[in-house]
Structures are given as C-alpha cells and as structure tokens.
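Peer 1: The following file, start.txt, comprises compact mmCIF, C-alpha atoms:
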# COMPACT_ATOMS: atom_id res chain seq x y z
CA MET A 1 70.56 85.95 111.45
CA PRO A 2 67.78 84.80 109.09
CA LYS A 3 66.76 81.20 108.64
CA SER A 4 69.22 79.17 106.59
CA VAL A 5 69.74 75.70 105.17
CA VAL A 6 72.58 73.47 106.31
CA ALA A 7 73.55 70.12 104.78
CA ALA A 8 75.75 67.07 105.24
CA LEU A 9 77.23 65.40 102.16
CA GLN A 10 77.77 61.69 102.80
CA ILE A 11 80.30 60.24 100.36
CA GLY A 12 83.54 58.30 100.68
CA ALA A 13 87.11 58.64 99.50
CA LEU A 14 87.51 56.69 96.26
CA PRO A 15 90.20 54.00 95.89
CA GLU A 16 91.34 55.67 92.65
CA GLY A 17 92.75 58.52 94.73
CA LYS A 18 92.33 62.19 95.52
CA ALA A 19 91.71 63.38 91.96
CA ALA A 20 88.77 61.00 91.54
CA THR A 21 87.45 61.90 95.00
CA LEU A 22 87.63 65.60 94.17
CA GLU A 23 85.63 65.00 90.99
CA GLN A 24 83.05 63.13 93.07
CA ILE A 25 82.72 66.13 95.40
CA LEU A 26 82.36 68.53 92.48
CA SER A 27 79.65 66.33 90.95
CA TYR A 28 77.32 67.34 93.81
CA GLU A 29 77.28 70.99 92.74
CA ALA A 30 73.76 70.81 91.29
CA ALA A 31 72.45 68.97 94.36
CA ILE A 32 73.91 71.61 96.68
CA ILE A 33 72.28 74.39 94.66
CA GLU A 34 68.96 72.54 94.46
CA ALA A 35 68.93 72.06 98.24
CA GLY A 36 69.59 75.77 98.74
CA ALA A 37 72.36 74.83 101.15
CA GLN A 38 74.32 77.71 102.63
CA LEU A 39 76.62 75.37 104.58
CA VAL A 40 77.75 71.90 103.48
CA VAL A 41 79.73 69.66 105.83
CA MET A 42 81.66 66.70 104.40
CA PRO A 43 83.36 63.75 106.15
CA GLU A 44 86.69 63.32 107.89
CA ALA A 45 89.70 62.44 105.70
CA LEU A 46 87.61 62.69 102.54
CA LEU A 47 90.44 64.03 100.38
CA GLY A 48 93.42 61.82 101.17
CA GLY A 49 91.40 58.91 102.50
CA TYR A 50 90.88 56.97 105.69
CA PRO A 51 92.83 53.68 105.26
CA LYS A 52 90.64 51.59 107.55
CA GLY A 53 92.24 48.26 108.38
CA GLU A 54 95.72 49.21 107.14
CA GLY A 55 98.47 48.29 109.60
CA PHE A 56 101.32 50.13 107.85
CA GLY A 57 103.62 47.22 108.65
CA THR A 58 104.00 48.19 112.30
CA GLN A 59 104.65 45.83 115.18
CA LEU A 60 105.57 47.00 118.66
CA GLY A 61 109.27 47.85 118.55
CA TYR A 62 109.80 47.62 114.79
CA ARG A 63 108.40 48.55 111.38
CA LEU A 64 108.49 46.48 108.20
CA PRO A 65 109.69 47.83 104.82
CA GLU A 66 106.27 47.21 103.25
CA GLY A 67 104.77 49.52 105.88
CA ARG A 68 107.07 52.32 104.77
CA GLU A 69 105.92 51.77 101.19
CA ALA A 70 102.26 51.88 102.28
CA PHE A 71 102.90 55.15 104.10
CA ALA A 72 104.67 56.61 101.06
CA ARG A 73 101.60 55.85 98.92
CA TYR A 74 99.33 57.40 101.54
CA PHE A 75 101.57 60.46 101.76
CA ALA A 76 101.42 60.90 97.97
CA ASN A 77 97.61 60.92 98.11
CA ALA A 78 97.51 63.71 100.73
CA ILE A 79 97.00 67.34 99.70
CA GLU A 80 98.88 70.60 100.11
CA VAL A 81 97.02 73.44 101.87
CA PRO A 82 96.68 75.68 99.93
CA GLY A 83 96.97 73.83 96.64
CA VAL A 84 95.15 72.83 93.48
CA GLU A 85 92.48 70.91 95.41
CA THR A 86 91.72 73.83 97.72
CA ASP A 87 91.48 76.12 94.68
CA ALA A 88 88.87 73.79 93.16
CA LEU A 89 86.90 73.66 96.41
CA ALA A 90 87.00 77.44 96.78
CA ALA A 91 85.57 77.69 93.27
CA LEU A 92 82.81 75.21 94.18
CA SER A 93 81.96 77.33 97.23
CA ALA A 94 81.79 80.45 95.07
CA ARG A 95 79.59 78.82 92.40
CA THR A 96 77.12 77.33 94.87
CA GLY A 97 77.13 80.21 97.35
CA ALA A 98 77.66 77.68 100.16
CA ASN A 99 80.23 77.66 102.92
CA LEU A 100 82.05 74.31 102.93
CA VAL A 101 83.64 72.39 105.80
CA LEU A 102 85.39 69.14 104.90
CA GLY A 103 88.02 66.72 106.11
CA VAL A 104 91.33 66.27 104.31
CA ILE A 105 94.70 64.67 104.90
CA GLU A 106 97.04 67.64 104.90
CA ARG A 107 100.69 67.26 103.92
CA SER A 108 103.08 69.60 105.74
CA GLY A 109 106.77 68.87 105.36
CA SER A 110 107.03 65.14 105.95
CA THR A 111 104.11 65.01 108.40
CA LEU A 112 100.44 64.33 107.71
CA TYR A 113 97.58 65.95 109.62
CA CYS A 114 93.91 65.05 109.73
CA THR A 115 92.51 68.49 109.01
CA ALA A 116 89.15 70.20 108.55
CA LEU A 117 89.14 73.03 106.00
CA TYR A 118 86.73 75.96 105.85
CA PHE A 119 85.68 77.64 102.60
CA ASP A 120 83.72 80.87 102.19
CA PRO A 121 81.93 81.86 98.94
CA GLN A 122 83.69 85.25 98.93
CA GLN A 123 86.98 84.55 100.70
CA GLY A 124 87.75 81.06 99.47
CA LEU A 125 89.89 79.05 101.91
CA SER A 126 89.13 80.84 105.18
CA GLY A 127 90.51 78.60 107.93
CA LYS A 128 91.55 75.15 109.08
CA HIS A 129 91.57 72.93 112.14
CA ARG A 130 94.11 70.18 112.67
CA LYS A 131 92.90 67.23 114.74
CA LEU A 132 94.37 67.57 118.23
CA MET A 133 94.44 63.89 119.15
CA PRO A 134 94.51 61.10 116.56
CA THR A 135 92.67 58.04 117.85
CA GLY A 136 94.41 54.72 118.45
CA THR A 137 96.71 53.69 115.63
CA GLU A 138 95.88 56.88 113.72
CA ARG A 139 98.82 58.16 115.79
CA LEU A 140 101.15 56.10 113.57
CA ILE A 141 100.33 58.17 110.51
CA TRP A 142 99.02 61.59 111.67
CA GLY A 143 100.67 64.36 113.63
CA LYS A 144 98.87 66.23 116.43
CA GLY A 145 97.49 69.71 115.88
CA ASP A 146 98.03 72.51 118.38
CA GLY A 147 95.79 75.19 119.86
CA SER A 148 96.47 77.64 117.03
CA THR A 149 93.91 75.97 114.75
CA LEU A 150 90.72 76.05 116.81
CA PRO A 151 88.74 78.69 114.91
CA VAL A 152 85.06 79.50 115.20
CA LEU A 153 84.23 81.61 112.15
CA ASP A 154 81.44 84.03 111.32
CA THR A 155 79.52 82.77 108.28
CA GLN A 156 76.20 83.36 106.57
CA VAL A 157 74.59 80.66 108.75
CA GLY A 158 76.09 81.83 112.06
CA ARG A 159 79.27 81.09 113.99
CA VAL A 160 80.69 77.82 112.68
CA GLY A 161 83.40 75.53 114.03
CA ALA A 162 84.63 72.02 113.27
CA VAL A 163 85.58 69.20 115.65
CA ILE A 164 86.80 65.98 114.06
CA CYS A 165 85.59 62.48 114.96
CA TRP A 166 86.60 61.41 118.51
CA GLU A 167 87.73 64.95 119.37
CA ASN A 168 84.00 65.35 119.95
CA MET A 169 84.42 63.26 123.10
CA MET A 170 87.03 65.64 124.60
CA PRO A 171 85.07 67.63 127.22
CA LEU A 172 87.61 70.45 127.49
CA LEU A 173 87.76 70.92 123.72
CA ARG A 174 83.98 71.11 123.63
CA THR A 175 84.08 73.74 126.36
CA ALA A 176 86.63 75.79 124.39
CA MET A 177 84.39 75.72 121.33
CA TYR A 178 81.30 76.66 123.34
CA ALA A 179 83.21 79.60 124.85
CA GLN A 180 83.86 80.95 121.34
CA GLY A 181 80.14 81.26 120.74
CA ILE A 182 79.73 78.37 118.34
CA GLU A 183 76.24 78.17 116.82
CA VAL A 184 76.66 75.48 114.14
CA TRP A 185 78.90 72.61 115.24
CA CYS A 186 80.43 70.68 112.32
CA ALA A 187 81.53 67.11 113.01
CA PRO A 188 83.36 65.39 110.13
CA THR A 189 83.80 61.72 111.04
CA VAL A 190 84.24 58.11 110.00
CA ASP A 191 82.47 56.79 113.11
CA GLU A 192 79.48 54.76 111.92
CA ARG A 193 78.35 53.43 115.29
CA GLU A 194 74.99 54.01 116.91
CA MET A 195 76.84 55.60 119.84
CA TRP A 196 77.96 58.37 117.48
CA GLN A 197 74.34 59.41 117.06
CA VAL A 198 74.05 59.61 120.84
CA SER A 199 77.18 61.80 121.01
CA MET A 200 75.88 64.18 118.35
CA ARG A 201 72.57 64.61 120.13
CA HIS A 202 74.35 65.10 123.44
CA ILE A 203 76.64 67.82 122.05
CA ALA A 204 73.72 69.67 120.47
CA HIS A 205 71.84 69.50 123.77
CA GLU A 206 74.87 70.32 125.94
CA GLY A 207 76.06 73.23 123.81
CA ARG A 208 72.57 74.35 122.80
CA CYS A 209 73.82 74.54 119.22
CA PHE A 210 73.00 73.00 115.86
CA VAL A 211 75.15 69.98 114.94
CA VAL A 212 75.90 68.84 111.39
CA SER A 213 77.78 65.54 111.26
CA ALA A 214 79.01 64.07 107.96
CA CYS A 215 80.34 60.51 107.87
CA GLN A 216 82.09 58.66 105.05
CA VAL A 217 80.38 55.71 103.42
CA GLN A 218 82.52 52.83 102.10
CA ALA A 219 81.58 49.50 100.52
CA SER A 220 82.51 46.13 102.02
CA PRO A 221 86.00 44.64 101.56
CA GLU A 222 84.43 42.04 99.28
CA GLU A 223 82.99 44.71 97.00
CA LEU A 224 86.26 46.65 97.05
CA GLY A 225 88.34 43.55 96.32
CA LEU A 226 90.24 43.85 99.60
CA GLU A 227 91.21 41.42 102.35
CA ILE A 228 91.13 43.13 105.73
CA ALA A 229 92.11 41.23 108.85
CA ASN A 230 89.45 40.84 111.52
CA TRP A 231 86.74 42.57 109.48
CA PRO A 232 83.80 40.66 107.93
CA ALA A 233 84.15 40.57 104.16
CA GLN A 234 80.48 41.43 103.59
CA ARG A 235 80.25 44.25 106.16
CA PRO A 236 80.64 47.83 104.84
CA LEU A 237 83.90 49.39 105.95
CA ILE A 238 82.00 52.57 106.85
CA ALA A 239 78.20 52.57 106.82
CA GLY A 240 77.61 56.34 107.10
CA GLY A 241 75.16 57.84 109.54
CA SER A 242 75.31 61.54 108.68
CA VAL A 243 72.88 63.52 110.80
CA ILE A 244 71.68 67.06 111.57
CA VAL A 245 70.55 67.85 115.13
CA GLY A 246 68.78 70.82 116.70
CA PRO A 247 69.79 72.64 119.90
CA MET A 248 67.46 70.62 122.12
CA GLY A 249 68.89 67.33 120.83
CA ASP A 250 66.12 66.77 118.29
CA VAL A 251 67.10 65.08 115.01
CA LEU A 252 66.29 67.36 112.07
CA ALA A 253 67.60 65.15 109.23
CA GLY A 254 69.06 61.67 108.93
CA PRO A 255 70.75 59.58 109.95
CA LEU A 256 71.55 58.53 106.40
CA VAL A 257 72.86 54.95 106.41
CA GLY A 258 74.31 52.68 103.75
CA ARG A 259 74.41 55.01 100.77
CA ALA A 260 75.81 58.27 99.47
CA GLY A 261 73.66 61.37 99.47
CA LEU A 262 72.99 64.90 100.66
CA ILE A 263 70.76 65.57 103.66
CA SER A 264 69.64 69.07 104.64
CA ALA A 265 67.57 70.98 107.18
CA GLN A 266 66.43 74.54 107.74
CA ILE A 267 67.78 76.14 110.90
CA ASP A 268 67.18 79.43 112.70
CA THR A 269 69.93 80.61 115.04
CA ALA A 270 67.33 82.72 116.87
CA ASP A 271 66.25 79.40 118.38
CA LEU A 272 69.53 79.27 120.31
CA VAL A 273 68.52 82.07 122.66
CA ARG A 274 65.35 80.17 123.53
CA ALA A 275 67.30 76.93 123.98
CA ARG A 276 69.85 78.61 126.28
CA TYR A 277 67.19 80.18 128.49
CA ASP A 278 67.63 77.47 131.11
CA TYR A 279 71.09 76.15 130.20
CA ASP A 280 74.06 78.16 128.90
CA VAL A 281 77.02 75.87 129.53
CA VAL A 282 79.66 78.65 129.48
CA GLY A 283 77.33 81.41 130.70
CA HIS A 284 74.83 81.42 133.53
CA TYR A 285 75.22 77.64 134.09
CA ALA A 286 79.02 77.88 134.51
CA ARG A 287 80.80 78.14 137.85
CA PRO A 288 84.00 80.09 137.15
CA ASP A 289 84.58 80.43 140.90
CA VAL A 290 85.04 76.65 140.99
CA PHE A 291 86.19 75.63 137.50
CA GLU A 292 88.49 77.42 135.06
CA LEU A 293 89.79 76.32 131.66
CA THR A 294 92.92 77.81 130.07
CA VAL A 295 93.33 77.35 126.31
CA ASP A 296 96.78 77.88 124.78
CA GLN A 297 96.23 79.14 121.23
CA ARG A 298 99.90 79.72 120.42
CA PRO A 299 101.46 77.82 117.50
CA ARG A 300 103.81 75.12 118.77
CA PRO A 301 106.42 74.42 116.05
CA GLY A 302 109.09 71.84 116.79
CA VAL A 303 111.82 74.33 115.87
CA ARG A 304 111.64 78.06 116.57
CA PHE A 305 114.22 80.57 115.25
CA THR A 306 114.62 83.78 117.26
For the structure just supplied, provide its representation as structure tokens.
Peer 2:
Amino acid sequence: MPKSVVAALQIGALPEGKAATLEQILSYEAAIIEAGAQLVVMPEALLGGYPKGEGFGTQLGYRLPEGREAFARYFANAIEVPGVETDALAALSARTGANLVLGVIERSGSTLYCTALYFDPQQGLSGKHRKLMPTGTERLIWGKGDGSTLPVLDTQVGRVGAVICWENMMPLLRTAMYAQGIEVWCAPTVDEREMWQVSMRHIAHEGRCFVVSACQVQASPEELGLEIANWPAQRPLIAGGSVIVGPMGDVLAGPLVGRAGLISAQIDTADLVRARYDYDVVGHYARPDVFELTVDQRPRPGVRFT
C-alpha cells in the first residue's frame, strides 16, 4: 500500500438541522481536494445532531409530555440509510476521490441508532457500524447495535474500521477490531476531554495502527442562545480536539481545539509491520491458550419470522 493522506474534519451539527449541516459538510469539498485526502473522518452524530444537555423530559419512573415532543423533533432530524443524505455524501466521495467515515443519527422504524457510515469513491455507501453501547443517558434516545455491523473494510488507504466515542474504551471491542486486521482506526466522537487524547494515543500504540479521531465543535450556550442546566453559559458545548496518531502513539496532526477545520497527515501502512515487530496484540503477543474471545456477528432482530 503506497503512502496516503488521511484527514479529520472538525465541524459541528448546526441548530438549523440536517439539511444545513449537510450543506456545511459539502462546503469542504475544495479543502478535501486541496489536502489530497484519501480518507476523511467526521464526528459522531454529525448528521442528526448530538443534543448535549437535553433531558428529554425524563425522570426516574416517568416521562413528561414535553420530553416526547423533544424526542419527536430529534427523530425528525435523523436520517434514513440509505436516503437523500447518503446519496449526497456518496457523490461527495466520488467527486473528491476520498473515502468518508462519518457519524449520523440513523432512523430505523421508530428507533434511532448512533451510526458510523462508510463511503467509497467507486461504491458509494459501502458499510455502517451501529454503536454497541450508548453512554449514560444516550440510552434514553438510541438503540444498541449488534455484532452484525462491525466491519473492517479494504480501502485505498488500508483496512479501515470505525469505533464510536466511548466504545473506544471497550477492551473486547478493540480486540475484535484488531483481529480483523484494522490498519486505520476511525474514532468519531463528541468527547472533548484531555483524557480522550490519551485514549487515542493508547489505542494507536496498543493496536499498532493509525488513529484518526474527529470531534464535533459547538459554541457556548450563550452564543447559541440556549439555557443548559449545570453547564457554564460561556463554556463551549463541545471544544473539539480532533487528532491523528501514528502506530507508536506519536501525534501526527492536531489536536485541533476551539474551531472548525480540516487536519491531515501522510501515513504509510508499511510502518505497521515495523511497529508490530515487538508487539502484535492479536498475533505473537497474544496467549490463545489462556484467553479466547468469541464475537457473535449474527444480526439480532427483535422479531424473527421463520
């Protein structure tokens, strides 16, 4: 695999909704081409939004009518997969020649999923991953994915997979991705904390892979005209922190903090063999005689007709 350029696009979901956010994504076409990016990773929940601070009217044991209305609005802003938005993103991938990985809120029946979508310049929409475990009160609004959407795909930059936000802290999920030969680890997120940078460097070093993490960036409640309980009015809701890390844990680009933008770095997957010389977490450094992981990749629908 020749050297290639990977990038993280740090932007945020717009309060005007998914159509405006999609236009914002498309507006970076020239920047993607100028960077020569062959892979662009975008944040978690970018299309559909991450409603930070929203309580959806839920108290333990009961839900308020206004919470149902808030969820209905959120549901309306989610996207169908496939749909008009995925068609537009497939066209962007084709025009730029870049593979895309980005976070969306996927509408399926009456359930929402926090999903990462994959786009290929030739194939268009080529895969998806539904977040396995929503974090905290995300469980109020998102369903759980199953093992059928854990792909690692062959692309022009190497074998690419996506793990969303705090899924990155699930050791067994990481092991399953490593076992599929992942070379470029994509981490869409809304986690702005310094600890996130530590996690990204750890995963790159543990998996001896390249990591591209893209975080949303959102203005403060004061700037957005919002009142959010227990959040300082002047503090950004999401400060960003997109970063690209090499297979020895070295930071190649970023972190980008406090503003929108595109960061990029040149990578060479030939470096992975050198990095794994003394540590191959699912190869010569594994102990299958002691530890064994079983991954169930079957779809798990709630109703099955036979």
Peer 1: Using only C-alpha atoms, determine which residues lie at most 9 Å from stretch 71-79 of chain A, disregarding the query and same-chain residues fewer than 4 positions distant; provide the list as a PDB file with C-alpha atoms, in the coordinates of the input.
Peer 2:
ATOM      1  CA  GLY A  17      92.750  58.520  94.730  1.00  0.00           C
ATOM      2  CA  LYS A  18      92.330  62.190  95.520  1.00  0.00           C
ATOM      3  CA  ALA A  19      91.710  63.380  91.960  1.00  0.00           C
ATOM      4  CA  LEU A  47      90.440  64.030 100.380  1.00  0.00           C
ATOM      5  CA  GLY A  48      93.420  61.820 101.170  1.00  0.00           C
ATOM      6  CA  GLY A  49      91.400  58.910 102.500  1.00  0.00           C
ATOM      7  CA  PRO A  51      92.830  53.680 105.260  1.00  0.00           C
ATOM      8  CA  PHE A  56     101.320  50.130 107.850  1.00  0.00           C
ATOM      9  CA  GLU A  66     106.270  47.210 103.250  1.00  0.00           C
ATOM     10  CA  GLY A  67     104.770  49.520 105.880  1.00  0.00           C
ATOM     11  CA  GLY A  83      96.970  73.830  96.640  1.00  0.00           C
ATOM     12  CA  VAL A  84      95.150  72.830  93.480  1.00  0.00           C
ATOM     13  CA  GLU A  85      92.480  70.910  95.410  1.00  0.00           C
ATOM     14  CA  THR A  86      91.720  73.830  97.720  1.00  0.00           C
ATOM     15  CA  VAL A 104      91.330  66.270 104.310  1.00  0.00           C
ATOM     16  CA  ILE A 105      94.700  64.670 104.900  1.00  0.00           C
ATOM     17  CA  GLU A 106      97.040  67.640 104.900  1.00  0.00           C
ATOM     18  CA  ARG A 107     100.690  67.260 103.920  1.00  0.00           C
ATOM     19  CA  SER A 108     103.080  69.600 105.740  1.00  0.00           C
ATOM     20  CA  SER A 110     107.030  65.140 105.950  1.00  0.00           C
ATOM     21  CA  THR A 111     104.110  65.010 108.400  1.00  0.00           C
ATOM     22  CA  LEU A 112     100.440  64.330 107.710  1.00  0.00           C
ATOM     23  CA  ILE A 141     100.330  58.170 110.510  1.00  0.00           C
TER      24      ILE A 141
END
Peer 1: Could you name the residues that touch stretch 39-46 of chain A at 7 Å or less, counting all atoms listed in the file, but leaving out those on the same chain fewer than 3 positions away, as an MDAnalysis selection string?
Peer 2: chainID A and resid 5:10 12:13 49:50 98:105 114 164 186 188:190 212 214:216
Peer 1: Using all atoms listed in the file - which residues lie no farther than 12 Å from the point (78.6, 67.1, 93.0) in the file's frame? Write them as a PyMOL selection string.
Peer 2: chain A and resi 9-11+20-34+40+42+89+92-93+95-96+260-262
Peer 1: Pick from A:Gly57, A:Pro288, A:Gly109, A:Gly258: nearest to A:Ile238, with only C-alpha atoms counted?
Peer 2: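 The answer is A:Gly258, which sits nearest to A:Ile238.
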Peer 1: Please measure the separation of atom CA of A:Gly145 and atom CA of A:Val281, giving the value in Å to one decimal.
Peer 2: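 These two atoms are separated by 25.4 Å.
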Peer 1: Between atom CA of A:Asp146 and atom CA of A:Trp185, measure the distance and give it in Å to one decimal.
Peer 2: 19.4 Å
Peer 1: Which residue out of A:Thr269, A:Gln122, A:Thr306, A:Ser199 has the minimum interatomic distance to A:Ala91 when all atoms listed in the file are used?
Peer 2: A:Gln122
